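First up is the structure itself, then whatever we jot down about it.
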Amino acid sequence: MNGTSGQNMTMNSTMIGNYTLKDIISYHITQQAVPLNSSINSTIVAGTIATNQTIDKFPQGGLPLIIMNNSTQNATNSSSSGSNVVMNIRLPILNILQPGPTNSSSGNSSSGNGSGSSGSGSANFTVGNGVDNALVTNQSNIMASNGIIHVIDSVLLPPGQLTQVLQNISIAQPIKDMLNQYSQYSTQINQERNVTIFVPNQAGYCASCISSQSQNQLEDLVKSHIVRGIYFSSNFTMGQTTNLTTLDSTQIPVTYNSSGITVNNTISVVQPDILFNGGVIHIINGQLNATASNRTSSADDMEGDD
């Protein structure tokens, strides 16, 4: 690709927003093949080859994609005039990237290059970072010699910093307001790595509780919603309770049953698996209480792992 200046432009130098073209392409390619079919009813977390440490703060390396069976939900993404491609393939893979067909009925026939289609029901899936998701439009898995191609209806963007992601979650408005009021915490939580954060929605946020807190109490409250380690909804087992430890050293039980995921026995996860560049967010309909007696004197607890 040649720029107007006549200088050669590479995938690493071409920027789209905060990401290079290579970052975006890499976020469309998973590390392992992921076949989709209508029998899958749980969330799939698939690591991608987007491992640029400028944008990827995940400890295992490779920003993940959240893939969900959307058959029982209303589609949240409208159709576009064209299609794009997400590929579940094994390396090397970049050389097979190609534009998706504009006809949503495509993907059911062979290309003549050793690829074909297999399986059924993949068009019921959404894929993305948990906020900006795309709809899988091909009706079946498109088989290639080194993996699987899924056609999607929009370009996928890697997850950004925590505060950037929160700006795109409408039901997290109270937390956004709190971070704007107490800006010192924005910098601190953006440095978090390898964490799970439970964020109260509008119904679960207690404004009067926040306004009455001292700085130390407010810090404890923030810590009580952050767990060291990344726990996607798929990490919880049906019928079992998992005890997690927050940064203020409080243990909170997380239970998964037919009604969904419950935190601390009474609080429900209303929107799971929203990615940011250092972990995952779950939106909850209640506020977790801090344990002041467990407060440490070190501010390092609010900082991520190196």
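Note on naming: chains are A, B, ... as they come in the structure tokens, residues start from 1 per chain, ligands start from 1 in the order shown.
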
Report as CSV: every residue of segment 153-212 of chain A with an atom at most 9 Å from segment 130-148 of chain A, its closest pair of atoms, and their distance in Å to one decimal, counting only C-alpha atoms, with rows sorted by chain and ascending residue number.
```
residue,atom,partner,partner_atom,distance
A:Asp153,CA,A:Leu135,CA,5.6
A:Ser154,CA,A:Ala134,CA,5.4
A:Val155,CA,A:Ala134,CA,7.3
A:Leu156,CA,A:Ala134,CA,7.0
A:Leu157,CA,A:Asp132,CA,7.4
A:Pro159,CA,A:Gly130,CA,8.6
A:Val165,CA,A:Val131,CA,7.9
A:Asn168,CA,A:Val131,CA,7.2
A:Ile169,CA,A:Val131,CA,7.2
```

Out of A:Asn289, A:Ser186, A:Thr255, A:Ser234, which residue has the shortest atom-to-atom distance to Pro272 of chain A when counting only C-alpha atoms?
A:Ser234

Distance query Ile226 of chain A at most 10 Å, only C-alpha atoms, self and fewer than 5 positions along chain excluded, as a list in words:
Ile189, Glu192, Val195, Thr196, Ile197, Phe198, Val199, Leu221, Leu244, Thr245, Thr246, Leu247, Asp248, Ile281 and Met302 of chain A

Could you give me, as a PyMOL selection string, the residues within 8 Å of Ala50 of chain A, counting only C-alpha atoms and dropping anything in the same chain fewer than 4 positions from it?
chain A and resi 23-24+26-27+29+56+62-63

In Å, how far is it from atom CA of Ile49 of chain A to atom CA of Gln271 of chain A?
25.9 Å

Using DSSP on the backbone, list every residue of segment 171-277 of chain A that comes out as alpha helix (DSSP H), and give them as a ChimeraX atom specification.
/A:173-181,184-190,207-211,215-223

Residues from the last selection, N, CA and C atoms, saved as a short mmCIF file (atom, residue, chain, number, x, y, z; two decimals), in the first residue's frame:
```
data_model
loop_
_atom_site.label_atom_id
_atom_site.label_comp_id
_atom_site.auth_asym_id
_atom_site.auth_seq_id
_atom_site.Cartn_x
_atom_site.Cartn_y
_atom_site.Cartn_z
N GLN A 173 -23.63 3.69 33.33
CA GLN A 173 -23.50 5.14 33.45
C GLN A 173 -23.09 5.60 34.85
N PRO A 174 -23.65 5.04 35.93
CA PRO A 174 -23.24 5.52 37.27
C PRO A 174 -21.75 5.33 37.54
N ILE A 175 -21.19 4.21 37.10
CA ILE A 175 -19.76 3.99 37.31
C ILE A 175 -18.94 4.98 36.49
N LYS A 176 -19.40 5.29 35.30
CA LYS A 176 -18.70 6.29 34.49
C LYS A 176 -18.72 7.65 35.19
N ASP A 177 -19.88 7.99 35.77
CA ASP A 177 -19.99 9.26 36.49
C ASP A 177 -19.05 9.27 37.70
N MET A 178 -18.97 8.13 38.41
CA MET A 178 -18.11 8.07 39.59
C MET A 178 -16.65 8.25 39.20
N LEU A 179 -16.23 7.60 38.09
CA LEU A 179 -14.84 7.71 37.66
C LEU A 179 -14.52 9.12 37.18
N ASN A 180 -15.51 9.80 36.61
CA ASN A 180 -15.30 11.19 36.22
C ASN A 180 -15.14 12.08 37.45
N GLN A 181 -15.88 11.74 38.51
CA GLN A 181 -15.81 12.55 39.74
C GLN A 181 -14.53 12.26 40.52
N GLN A 184 -8.82 9.99 40.01
CA GLN A 184 -7.60 9.28 40.40
C GLN A 184 -7.76 7.77 40.21
N TYR A 185 -9.00 7.28 40.26
CA TYR A 185 -9.21 5.85 40.11
C TYR A 185 -9.19 5.40 38.66
N SER A 186 -9.45 6.32 37.74
CA SER A 186 -9.42 5.96 36.32
C SER A 186 -8.03 5.48 35.91
N THR A 187 -7.01 6.22 36.32
CA THR A 187 -5.63 5.83 36.00
C THR A 187 -5.28 4.50 36.65
N GLN A 188 -5.71 4.32 37.88
CA GLN A 188 -5.37 3.09 38.60
C GLN A 188 -6.01 1.87 37.98
N ILE A 189 -7.31 1.95 37.67
CA ILE A 189 -7.97 0.76 37.14
C ILE A 189 -7.56 0.48 35.69
N ASN A 190 -7.11 1.49 34.97
CA ASN A 190 -6.62 1.24 33.62
C ASN A 190 -5.29 0.49 33.62
N ALA A 207 -25.94 5.63 44.83
CA ALA A 207 -25.27 6.93 44.75
C ALA A 207 -25.01 7.52 46.13
N SER A 208 -25.98 7.41 47.03
CA SER A 208 -25.81 7.97 48.37
C SER A 208 -24.71 7.25 49.14
N CYS A 209 -24.56 5.93 48.85
CA CYS A 209 -23.48 5.17 49.49
C CYS A 209 -22.12 5.70 49.04
N ILE A 210 -22.01 6.03 47.77
CA ILE A 210 -20.75 6.51 47.22
C ILE A 210 -20.41 7.88 47.80
N SER A 211 -21.39 8.77 47.82
CA SER A 211 -21.13 10.15 48.25
C SER A 211 -20.76 10.24 49.72
N GLN A 215 -12.18 8.71 51.29
CA GLN A 215 -11.33 8.24 50.21
C GLN A 215 -10.90 6.78 50.45
N ASN A 216 -10.54 6.45 51.69
CA ASN A 216 -10.14 5.07 51.99
C ASN A 216 -11.30 4.10 51.81
N GLN A 217 -12.49 4.51 52.24
CA GLN A 217 -13.66 3.65 52.09
C GLN A 217 -14.02 3.46 50.62
N LEU A 218 -13.87 4.52 49.84
CA LEU A 218 -14.16 4.43 48.42
C LEU A 218 -13.18 3.50 47.72
N GLU A 219 -11.92 3.57 48.12
CA GLU A 219 -10.93 2.67 47.56
C GLU A 219 -11.26 1.22 47.90
N ASP A 220 -11.70 0.98 49.14
CA ASP A 220 -12.12 -0.36 49.53
C ASP A 220 -13.30 -0.83 48.69
N LEU A 221 -14.22 0.08 48.43
CA LEU A 221 -15.41 -0.27 47.65
C LEU A 221 -15.03 -0.66 46.23
N VAL A 222 -14.11 0.09 45.63
CA VAL A 222 -13.64 -0.25 44.28
C VAL A 222 -12.97 -1.62 44.30
N LYS A 223 -12.12 -1.87 45.29
CA LYS A 223 -11.41 -3.15 45.40
C LYS A 223 -12.38 -4.32 45.57
#
```

Would you mind telling me which residue in A:Ser214, A:Asn264, A:Gln161, A:Gln60 lies nearest to Ile230 of chain A when using only C-alpha atoms?
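Among the listed residues, A:Gln60 lies closest to Ile230 of chain A.
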
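Atom CA of Ser258 of chain A to atom CA of Val280 of chain A spans 22.2 Å [interatomic distance, one decimal].
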
Would you mind writing down, as a PyMOL selection string, each residue of segment 167-273 of chain A that DSSP on the backbone assigns to strand (DSSP E)?
chain A and resi 195-200+226-228+241-245+251-257+260-263+267-273

Write the selection just made, keeping C-alpha atoms, as a PDB file, in the first residue's frame?
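Contents of the output file out38.pdb:
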```pdb
ATOM      1  CA  VAL A 195      -8.550  -9.237  36.620  1.00  0.00           C
ATOM      2  CA  THR A 196     -12.301  -9.784  36.613  1.00  0.00           C
ATOM      3  CA  ILE A 197     -14.390  -6.721  37.439  1.00  0.00           C
ATOM      4  CA  PHE A 198     -18.021  -6.788  38.579  1.00  0.00           C
ATOM      5  CA  VAL A 199     -19.613  -3.483  37.566  1.00  0.00           C
ATOM      6  CA  PRO A 200     -23.014  -2.471  39.037  1.00  0.00           C
ATOM      7  CA  ILE A 226     -12.240  -6.522  41.445  1.00  0.00           C
ATOM      8  CA  VAL A 227     -11.033 -10.129  41.512  1.00  0.00           C
ATOM      9  CA  ARG A 228      -7.482 -11.171  40.661  1.00  0.00           C
ATOM     10  CA  THR A 241     -20.398 -22.376  43.546  1.00  0.00           C
ATOM     11  CA  THR A 242     -16.941 -20.872  43.044  1.00  0.00           C
ATOM     12  CA  ASN A 243     -15.431 -18.694  45.780  1.00  0.00           C
ATOM     13  CA  LEU A 244     -13.465 -15.717  44.456  1.00  0.00           C
ATOM     14  CA  THR A 245     -11.278 -13.336  46.465  1.00  0.00           C
ATOM     15  CA  GLN A 251     -14.470 -13.854  49.538  1.00  0.00           C
ATOM     16  CA  ILE A 252     -17.524 -13.741  47.276  1.00  0.00           C
ATOM     17  CA  PRO A 253     -19.393 -16.868  46.153  1.00  0.00           C
ATOM     18  CA  VAL A 254     -20.324 -17.087  42.465  1.00  0.00           C
ATOM     19  CA  THR A 255     -23.048 -19.626  41.662  1.00  0.00           C
ATOM     20  CA  TYR A 256     -24.141 -20.805  38.224  1.00  0.00           C
ATOM     21  CA  ASN A 257     -27.567 -22.416  37.871  1.00  0.00           C
ATOM     22  CA  GLY A 260     -27.953 -17.645  35.430  1.00  0.00           C
ATOM     23  CA  ILE A 261     -24.918 -16.476  37.401  1.00  0.00           C
ATOM     24  CA  THR A 262     -25.395 -15.121  40.935  1.00  0.00           C
ATOM     25  CA  VAL A 263     -22.739 -13.208  42.886  1.00  0.00           C
ATOM     26  CA  ILE A 267     -26.777 -10.270  42.990  1.00  0.00           C
ATOM     27  CA  SER A 268     -27.314 -11.364  39.377  1.00  0.00           C
ATOM     28  CA  VAL A 269     -24.957 -11.023  36.426  1.00  0.00           C
ATOM     29  CA  VAL A 270     -27.116  -9.247  33.839  1.00  0.00           C
ATOM     30  CA  GLN A 271     -24.502  -8.862  31.087  1.00  0.00           C
ATOM     31  CA  PRO A 272     -21.466 -11.168  31.173  1.00  0.00           C
ATOM     32  CA  ASP A 273     -18.197 -11.346  29.278  1.00  0.00           C
TER      33      ASP A 273
END
```

Extract, using only C-alpha atoms, all DNA, RNA and protein residues at most 9 Å from segment 64-68 of chain A, discarding same-chain residues fewer than 4 positions from it, and format them as JSON, numbers by chain.
{"A": [27, 28, 30, 40, 41, 42, 43, 44, 45, 46, 47, 48, 49, 50, 58, 124, 125, 126, 127, 128, 129, 130, 133, 158, 273, 274, 275]}
